[in-house]
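Text of data_28.cif (mmCIF, C-alpha atoms) as supplied:
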data_data
#
loop_
_atom_site.group_PDB
_atom_site.id
_atom_site.type_symbol
_atom_site.label_atom_id
_atom_site.label_comp_id
_atom_site.auth_asym_id
_atom_site.auth_seq_id
_atom_site.Cartn_x
_atom_site.Cartn_y
_atom_site.Cartn_z
ATOM 1 C CA MET E 27 22.325 9.075 1.415
ATOM 2 C CA LEU E 28 19.188 7.499 2.841
ATOM 3 C CA ASN E 29 18.073 4.422 0.881
ATOM 4 C CA GLY E 30 17.085 0.793 1.381
ATOM 5 C CA THR E 31 13.896 -1.263 1.620
ATOM 6 C CA LEU E 32 11.039 -1.091 4.078
ATOM 7 C CA LYS E 33 12.171 -4.500 5.360
ATOM 8 C CA THR E 34 15.120 -2.777 7.032
ATOM 9 C CA PHE E 35 13.533 0.579 7.959
ATOM 10 C CA SER E 36 10.023 1.227 9.177
ATOM 11 C CA LEU E 37 8.156 4.055 7.513
ATOM 12 C CA GLY E 38 7.803 5.737 10.913
ATOM 13 C CA SER E 39 11.600 5.729 11.323
ATOM 14 C CA LEU E 40 12.040 7.277 7.883
ATOM 15 C CA LEU E 41 9.514 9.998 8.636
ATOM 16 C CA GLN E 42 11.287 10.703 11.947
ATOM 17 C CA ILE E 43 14.713 10.952 10.277
ATOM 18 C CA CYS E 44 13.438 13.355 7.590
ATOM 19 C CA SER E 45 11.713 15.455 10.243
ATOM 20 C CA ASN E 46 14.697 15.564 12.620
ATOM 21 C CA GLU E 47 17.037 16.600 9.806
ATOM 22 C CA ASN E 48 14.604 19.299 8.558
ATOM 23 C CA ASN E 49 14.803 17.769 5.110
ATOM 24 C CA THR E 50 13.392 19.368 1.991
ATOM 25 C CA GLY E 51 12.975 16.893 -0.855
ATOM 26 C CA ALA E 52 11.205 13.539 -1.120
ATOM 27 C CA LEU E 53 11.323 9.931 -0.074
ATOM 28 C CA GLU E 54 10.773 8.056 -3.334
ATOM 29 C CA PHE E 55 9.354 4.510 -3.362
ATOM 30 C CA SER E 56 10.036 2.165 -6.249
ATOM 31 C CA MET E 57 9.970 -1.465 -7.320
ATOM 32 C CA LYS E 58 12.092 -2.966 -10.088
ATOM 33 C CA GLY E 59 13.418 0.507 -10.890
ATOM 34 C CA ASN E 60 9.959 2.021 -11.440
ATOM 35 C CA LEU E 61 8.839 4.930 -9.266
ATOM 36 C CA TYR E 62 5.481 4.193 -7.594
ATOM 37 C CA GLY E 63 5.154 7.021 -5.098
ATOM 38 C CA ARG E 64 6.739 9.661 -2.940
ATOM 39 C CA ILE E 65 6.432 11.574 0.289
ATOM 40 C CA GLY E 66 7.515 15.198 -0.087
ATOM 41 C CA PHE E 67 9.032 17.278 2.719
ATOM 42 C CA GLU E 68 9.568 20.971 3.329
ATOM 43 C CA ASN E 69 11.824 21.806 6.268
ATOM 44 C CA GLY E 70 11.110 18.440 7.874
ATOM 45 C CA ASP E 71 7.330 18.612 7.478
ATOM 46 C CA ALA E 72 5.577 16.027 5.292
ATOM 47 C CA VAL E 73 3.502 18.125 2.884
ATOM 48 C CA TYR E 74 2.772 15.811 -0.054
ATOM 49 C CA ALA E 75 2.303 12.109 -0.717
ATOM 50 C CA ASP E 76 1.187 9.919 -3.598
ATOM 51 C CA PHE E 77 1.295 6.193 -4.265
ATOM 52 C CA LEU E 78 -0.200 4.510 -7.345
ATOM 53 C CA GLY E 79 -3.264 6.700 -7.601
ATOM 54 C CA MET E 80 -3.694 7.322 -3.876
ATOM 55 C CA LYS E 81 -2.960 10.779 -2.501
ATOM 56 C CA GLY E 82 -2.242 12.324 0.882
ATOM 57 C CA VAL E 83 -2.474 10.377 4.130
ATOM 58 C CA ASP E 84 -4.134 7.360 2.408
ATOM 59 C CA SER E 85 -1.017 6.870 0.281
ATOM 60 C CA ILE E 86 1.247 7.022 3.351
ATOM 61 C CA ARG E 87 -0.949 4.437 5.058
ATOM 62 C CA GLN E 88 -0.648 2.120 2.032
ATOM 63 C CA ILE E 89 3.132 2.486 2.013
ATOM 64 C CA SER E 90 3.233 1.654 5.738
ATOM 65 C CA LEU E 91 1.870 -1.841 4.942
ATOM 66 C CA LEU E 92 4.586 -2.711 2.439
ATOM 67 C CA LYS E 93 7.900 -4.432 3.121
ATOM 68 C CA ASP E 94 9.396 -5.317 -0.261
ATOM 69 C CA ILE E 95 9.500 -1.832 -1.710
ATOM 70 C CA ASP E 96 12.681 0.191 -2.186
ATOM 71 C CA PHE E 97 13.091 3.769 -1.022
ATOM 72 C CA LYS E 98 15.616 6.518 -1.433
ATOM 73 C CA TYR E 99 15.708 10.107 -0.311
ATOM 74 C CA ASN E 100 16.100 12.639 -3.107
ATOM 75 C CA ASN E 101 16.814 16.208 -2.001
ATOM 76 C CA ALA E 102 16.497 17.450 -5.597
ATOM 77 C CA THR E 103 12.778 16.585 -5.786
ATOM 78 C CA GLU E 104 10.580 19.652 -5.436
ATOM 79 C CA VAL E 105 7.052 19.506 -4.075
ATOM 80 C CA SER E 106 4.688 21.222 -6.498
ATOM 81 C CA GLU E 107 1.464 20.749 -4.532
ATOM 82 C CA LYS E 108 0.477 20.102 -0.939
ATOM 83 C CA ASN E 109 -2.017 17.439 0.129
ATOM 84 C CA ILE E 110 -0.968 16.762 3.748
ATOM 85 C CA GLU E 111 -1.788 19.170 6.538
ATOM 86 C CA VAL E 112 -1.095 17.087 9.636
ATOM 87 C CA ASP E 113 1.838 17.005 12.015
ATOM 88 C CA ILE E 114 4.655 14.507 11.350
ATOM 89 C CA ASN E 115 4.149 13.004 14.831
ATOM 90 C CA PHE E 116 0.500 12.349 13.983
ATOM 91 C CA LEU E 117 1.606 10.627 10.743
ATOM 92 C CA MET E 118 4.042 8.357 12.593
ATOM 93 C CA ILE E 119 1.444 7.347 15.200
ATOM 94 C CA ASP E 120 -1.282 7.026 12.559
ATOM 95 C CA CYS E 121 0.861 4.745 10.367
ATOM 96 C CA THR E 122 1.619 2.432 13.290
ATOM 97 C CA ARG E 123 -2.027 2.320 14.376
ATOM 98 C CA TYR E 124 -3.221 1.800 10.812
ATOM 99 C CA ALA E 125 -0.747 -1.037 10.191
ATOM 100 C CA ASP E 126 -1.761 -2.778 13.434
ATOM 101 C CA GLU E 127 -5.484 -2.439 12.667
ATOM 102 C CA SER E 128 -4.981 -3.539 9.061
ATOM 103 C CA ILE E 129 -3.090 -6.674 10.109
ATOM 104 C CA ALA E 130 -5.912 -7.557 12.524
ATOM 105 C CA TYR E 131 -8.453 -6.916 9.745
ATOM 106 C CA LEU E 132 -6.470 -9.117 7.347
ATOM 107 C CA ASP E 133 -6.391 -11.990 9.869
ATOM 108 C CA GLU E 134 -10.151 -11.744 10.436
ATOM 109 C CA LEU E 135 -10.784 -11.454 6.697
ATOM 110 C CA GLU E 136 -8.754 -14.579 5.973
ATOM 111 C CA GLU E 137 -10.642 -16.526 8.640
ATOM 112 C CA ASN E 138 -14.024 -15.463 7.206
ATOM 113 C CA ILE E 139 -13.139 -16.057 3.556
ATOM 114 C CA ARG E 140 -11.510 -19.414 4.369
ATOM 115 C CA LYS E 141 -14.883 -20.596 5.731
ATOM 116 C CA LYS E 142 -16.406 -20.017 2.312
ATOM 117 C CA TYR E 143 -13.319 -20.913 0.231
ATOM 118 C CA PRO E 144 -11.142 -23.415 2.169
ATOM 119 C CA PHE E 145 -8.712 -23.691 -0.748
ATOM 120 C CA ILE E 146 -7.079 -20.310 -0.148
ATOM 121 C CA GLN E 147 -3.339 -20.533 -0.505
ATOM 122 C CA SER E 148 -2.644 -17.065 0.889
ATOM 123 C CA LEU E 149 -4.241 -13.736 1.725
ATOM 124 C CA LYS E 150 -1.882 -10.786 2.200
ATOM 125 C CA PHE E 151 -1.301 -7.148 1.482
ATOM 126 C CA PHE E 152 -0.408 -6.799 -2.182
ATOM 127 C CA GLU E 153 3.324 -6.064 -2.389
ATOM 128 C CA TYR E 154 3.453 -5.080 -6.098
ATOM 129 C CA ASP E 155 6.256 -7.623 -6.518
ATOM 130 C CA ASN E 156 4.819 -9.564 -9.451
ATOM 131 C CA CYS E 157 3.931 -6.637 -11.690
ATOM 132 C CA VAL E 158 5.297 -3.402 -13.037
ATOM 133 C CA PHE E 159 3.098 -0.342 -13.389
ATOM 134 C CA THR E 160 4.217 1.723 -16.345
ATOM 135 C CA ALA E 161 1.162 3.915 -16.997
ATOM 136 C CA LEU E 162 0.991 5.792 -13.703
ATOM 137 C CA ASN E 163 -2.290 7.501 -14.624
ATOM 138 C CA LEU E 164 -4.144 4.156 -14.833
ATOM 139 C CA HIS E 165 -4.005 3.100 -11.191
ATOM 140 C CA GLY E 166 -7.688 3.403 -10.352
ATOM 141 C CA ILE E 167 -7.937 -0.384 -10.630
ATOM 142 C CA ASN E 168 -10.178 -1.686 -7.853
ATOM 143 C CA TYR E 169 -10.300 -5.360 -8.852
ATOM 144 C CA PHE E 170 -8.101 -7.673 -10.916
ATOM 145 C CA GLU E 171 -8.021 -11.446 -11.351
ATOM 146 C CA SER E 172 -5.670 -13.835 -13.080
ATOM 147 C CA TYR E 173 -5.387 -17.586 -13.558
ATOM 148 C CA GLN E 174 -2.091 -19.372 -14.231
ATOM 149 C CA GLN E 175 -1.075 -22.992 -13.705
ATOM 150 C CA ASP E 176 -3.611 -24.001 -11.038
ATOM 151 C CA ILE E 177 -3.261 -20.699 -9.178
ATOM 152 C CA PHE E 178 -6.142 -18.233 -9.229
ATOM 153 C CA MET E 179 -5.291 -14.764 -7.938
ATOM 154 C CA VAL E 180 -7.521 -11.839 -7.031
ATOM 155 C CA ILE E 181 -6.114 -8.404 -6.255
ATOM 156 C CA TYR E 182 -8.484 -5.710 -5.075
ATOM 157 C CA LEU E 183 -8.572 -2.362 -3.324
ATOM 158 C CA ASP E 184 -10.317 -3.089 -0.021
ATOM 159 C CA ASN E 185 -12.825 -0.350 0.668
ATOM 160 C CA ASN E 186 -12.756 -0.936 4.445
ATOM 161 C CA ILE E 187 -9.061 -0.151 4.927
ATOM 162 C CA LYS E 188 -8.141 1.505 1.587
ATOM 163 C CA ALA E 189 -5.353 -0.996 0.889
ATOM 164 C CA ARG E 190 -4.708 -3.440 -1.929
ATOM 165 C CA ILE E 191 -5.042 -7.092 -0.906
ATOM 166 C CA GLN E 192 -4.035 -10.226 -2.803
ATOM 167 C CA ILE E 193 -5.936 -13.495 -2.391
ATOM 168 C CA VAL E 194 -4.449 -16.623 -3.964
ATOM 169 C CA PHE E 195 -6.627 -19.706 -4.432
ATOM 170 C CA THR E 196 -5.354 -23.187 -5.320
ATOM 171 C CA LYS E 197 -8.073 -23.558 -7.937
ATOM 172 C CA GLN E 198 -10.259 -21.318 -10.055
ATOM 173 C CA ILE E 199 -13.461 -20.087 -8.443
ATOM 174 C CA MET E 200 -16.712 -18.527 -9.600
ATOM 175 C CA THR E 201 -15.834 -14.886 -9.138
ATOM 176 C CA ASP E 202 -19.451 -13.740 -9.373
ATOM 177 C CA TYR E 203 -20.069 -15.252 -5.924
ATOM 178 C CA LEU E 204 -16.830 -13.808 -4.580
ATOM 179 C CA LEU E 205 -17.739 -10.344 -5.877
ATOM 180 C CA ILE E 206 -21.201 -10.566 -4.297
ATOM 181 C CA TYR E 207 -19.611 -11.604 -0.989
ATOM 182 C CA MET E 208 -17.058 -8.772 -1.180
ATOM 183 C CA ARG E 209 -19.724 -6.173 -1.871
ATOM 184 C CA GLU E 210 -21.947 -7.472 0.949
ATOM 185 C CA LYS E 211 -19.018 -7.119 3.387
ATOM 186 C CA GLY E 212 -18.219 -3.594 2.146
ATOM 187 C CA MET E 213 -14.862 -4.717 0.749
ATOM 188 C CA LEU E 214 -15.599 -3.415 -2.760
ATOM 189 C CA LYS E 215 -17.516 -0.384 -3.925
#

Output the file's structure in the form of structure tokens.
Amino acid sequence: MLNGTLKTFSLGSLLQICSNENNTGALEFSMKGNLYGRIGFENGDAVYADFLGMKGVDSIRQISLLKDIDFKYNNATEVSEKNIEVDINFLMIDCTRYADESIAYLDELEENIRKKYPFIQSLKFFEYDNCVFTALNLHGINYFESYQQDIFMVIYLDNNIKARIQIVFTKQIMTDYLLIYMREKGMLK
């Protein structure tokens, strides 16, 4: 049985294994026992993907950025619709390229935001580790903020790379200015 976390297996390796074994079923991705997404296969071809409101190749790209998410292969899962029409080799190359470009974007983004807000504690891809999504139809959230014990956190869906990013500040900020900045840079719709 194929299962583990993306810390121990890269998404590209998982796609390759499912392709080489001509699998029909789905790789299912979960956190804290809750299913967040899947990649469906028919005879080794990836034909369907979803992840917290994202569909198709965009959802596979988002998954490729995560490390702390669990996966398991389920051969009993049937694919009811198809939203991927590209070759598995393209997906593997695309995920690697996308992850590399997204990491470079994240580094540049942190440098630029730190100039304006030097009290950033961290800026990273959102790993979904501090929340549980239970209403799977409500994942169109593009922006969320929270303040707890001297930590101010912003989570948003970055429009430039179509990935969720978490910014943690060591003090509360005026989010109106942050939102204006994010819209000017094309980060938010």

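Applied to the file shown here, the PyMOL selection byres ((chain E and resi 109) around 6) selects Tyr74, Gly82, Lys108 and Ile110 of chain E.
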
If the PyMOL selection byres ((chain E and resi 179) around 12) is run on the structure shown, which residues does it catch, given as a VMD selection string?
chain E and resid 145 to 150 152 156 169 to 178 180 to 182 191 to 199 201

Which value, in Å to one decimal, gives the distance between atom CA of E:Ala75 and atom CA of E:Lys211?
29.0 Å

When you draw a straight line from atom CA of E:Leu135 to atom CA of E:Gln88, how long is it in Å?
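Result for atom CA of E:Leu135 versus atom CA of E:Gln88: 17.6 Å, one decimal.
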
Using only C-alpha atoms, can you tell me which of E:Asn69, E:Ser39, E:Asn49, E:Thr34 comes closest to E:Asn100?
E:Asn49

Evaluating the PyMOL selection byres ((chain E and resi 90) around 10) on the displayed file yields which residues, as a list in words?
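Written out, the selection comes to Leu32, Ser36, Leu37, Gly38, Asp84, Ser85, Ile86, Arg87, Gln88, Ile89, Leu91, Leu92, Lys93, Met118, Asp120, Cys121, Thr122, Tyr124 and Ala125 of chain E.
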
Using C-alpha atoms, can you write the selected residues to a file as a PDB file, in the frame of the given file?
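Below is the file that was written, again_13.pdb:
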ATOM      1  CA  LEU E  32      11.039  -1.091   4.078  1.00  0.00           C
ATOM      2  CA  SER E  36      10.023   1.227   9.177  1.00  0.00           C
ATOM      3  CA  LEU E  37       8.156   4.055   7.513  1.00  0.00           C
ATOM      4  CA  GLY E  38       7.803   5.737  10.913  1.00  0.00           C
ATOM      5  CA  ASP E  84      -4.134   7.360   2.408  1.00  0.00           C
ATOM      6  CA  SER E  85      -1.017   6.870   0.281  1.00  0.00           C
ATOM      7  CA  ILE E  86       1.247   7.022   3.351  1.00  0.00           C
ATOM      8  CA  ARG E  87      -0.949   4.437   5.058  1.00  0.00           C
ATOM      9  CA  GLN E  88      -0.648   2.120   2.032  1.00  0.00           C
ATOM     10  CA  ILE E  89       3.132   2.486   2.013  1.00  0.00           C
ATOM     11  CA  LEU E  91       1.870  -1.841   4.942  1.00  0.00           C
ATOM     12  CA  LEU E  92       4.586  -2.711   2.439  1.00  0.00           C
ATOM     13  CA  LYS E  93       7.900  -4.432   3.121  1.00  0.00           C
ATOM     14  CA  MET E 118       4.042   8.357  12.593  1.00  0.00           C
ATOM     15  CA  ASP E 120      -1.282   7.026  12.559  1.00  0.00           C
ATOM     16  CA  CYS E 121       0.861   4.745  10.367  1.00  0.00           C
ATOM     17  CA  THR E 122       1.619   2.432  13.290  1.00  0.00           C
ATOM     18  CA  TYR E 124      -3.221   1.800  10.812  1.00  0.00           C
ATOM     19  CA  ALA E 125      -0.747  -1.037  10.191  1.00  0.00           C
TER      20      ALA E 125
END

Counting only C-alpha atoms, the residue among E:Leu183, E:Met208, E:Leu78, E:Val73 that lies closest to E:Met57 is E:Leu78

Do you have the atom CA of E:Asp113-atom CA of E:Asn60 distance handy?
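Computed distance, atom CA of E:Asp113 to atom CA of E:Asn60, equals 29.0 Å.
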
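Among E:Gly70, E:Pro144, E:Gly79, E:Gly212, the residue with the shortest atom-to-atom distance to E:Leu53, counting all atoms listed in the file, is E:Gly70.
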
Using all atoms listed in the file, which residues sit within 10 Å of E:Lys215 once same-chain residues fewer than 6 positions away are excluded, as number ranges by chain?
E: 168, 183-186, 208-209

Counting all atoms listed in the file, the option among E:Phe151, E:Ala52, E:Ile43, E:Ile187 closest to E:Glu127:
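Looking only at the distances to E:Glu127, the closest residue turns out to be E:Ile187.
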
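Nearest to E:Glu107 of all the residues E:Asp202, E:Glu153, E:Asp76, E:Glu54 is E:Asp76, based on all atoms listed in the file.
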
So that I can check the surroundings of E:Gly59, please list as a PyMOL selection string every protein, DNA and RNA residue that reaches within 10 Å of it, counting all atoms listed in the file and ignoring chain neighbours fewer than 3 positions away.
chain E and resi 55-56+62+96+158

With distances taken over all atoms listed in the file, which residue among E:Tyr203, E:Leu61, E:Phe35, E:Lys188 lies nearest E:Ile139?
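Looking only at the distances to E:Ile139, the closest residue turns out to be E:Tyr203.
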
Return as lines of an AutoDock Vina configuration file the box centre and box size in Å, one decimal, for an axis-aligned box around all listed atoms of stretch 124-143 of chain E padded by 8 Å per side.
center_x = -8.6
center_y = -9.6
center_z = 6.8
size_x = 31.7
size_y = 38.7
size_z = 29.2

Got a minute to add N, CA and C atoms to stretch 68-83 of chain E and dump it as a short mmCIF file (atom, residue, chain, number, x, y, z; two decimals), in the coordinates of the input?
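New file out.cif:
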data_model
loop_
_atom_site.label_atom_id
_atom_site.label_comp_id
_atom_site.auth_asym_id
_atom_site.auth_seq_id
_atom_site.Cartn_x
_atom_site.Cartn_y
_atom_site.Cartn_z
N GLU E 68 9.07 19.60 3.32
CA GLU E 68 9.57 20.97 3.33
C GLU E 68 9.99 21.27 4.75
N ASN E 69 11.27 21.51 4.94
CA ASN E 69 11.82 21.81 6.27
C ASN E 69 11.41 20.78 7.32
N GLY E 70 11.42 19.52 6.94
CA GLY E 70 11.11 18.44 7.87
C GLY E 70 9.65 18.11 8.02
N ASP E 71 8.77 18.89 7.42
CA ASP E 71 7.33 18.61 7.48
C ASP E 71 6.90 17.84 6.23
N ALA E 72 6.15 16.75 6.43
CA ALA E 72 5.58 16.03 5.29
C ALA E 72 4.43 16.86 4.75
N VAL E 73 4.51 17.24 3.47
CA VAL E 73 3.50 18.12 2.88
C VAL E 73 2.80 17.51 1.68
N TYR E 74 3.35 16.42 1.15
CA TYR E 74 2.77 15.81 -0.05
C TYR E 74 3.04 14.31 -0.04
N ALA E 75 2.08 13.54 -0.54
CA ALA E 75 2.30 12.11 -0.72
C ALA E 75 1.42 11.59 -1.84
N ASP E 76 1.96 10.64 -2.59
CA ASP E 76 1.19 9.92 -3.60
C ASP E 76 1.74 8.51 -3.70
N PHE E 77 0.87 7.57 -4.05
CA PHE E 77 1.30 6.19 -4.26
C PHE E 77 0.27 5.51 -5.16
N LEU E 78 0.64 5.23 -6.39
CA LEU E 78 -0.20 4.51 -7.34
C LEU E 78 -1.67 4.93 -7.30
N GLY E 79 -1.90 6.19 -7.51
CA GLY E 79 -3.26 6.70 -7.60
C GLY E 79 -3.84 7.17 -6.30
N MET E 80 -3.24 6.83 -5.18
CA MET E 80 -3.69 7.32 -3.88
C MET E 80 -2.94 8.61 -3.57
N LYS E 81 -3.58 9.50 -2.84
CA LYS E 81 -2.96 10.78 -2.50
C LYS E 81 -3.07 11.03 -1.00
N GLY E 82 -2.18 11.87 -0.50
CA GLY E 82 -2.24 12.32 0.88
C GLY E 82 -1.99 11.21 1.88
N VAL E 83 -2.67 11.31 3.02
CA VAL E 83 -2.47 10.38 4.13
C VAL E 83 -2.80 8.94 3.72
#
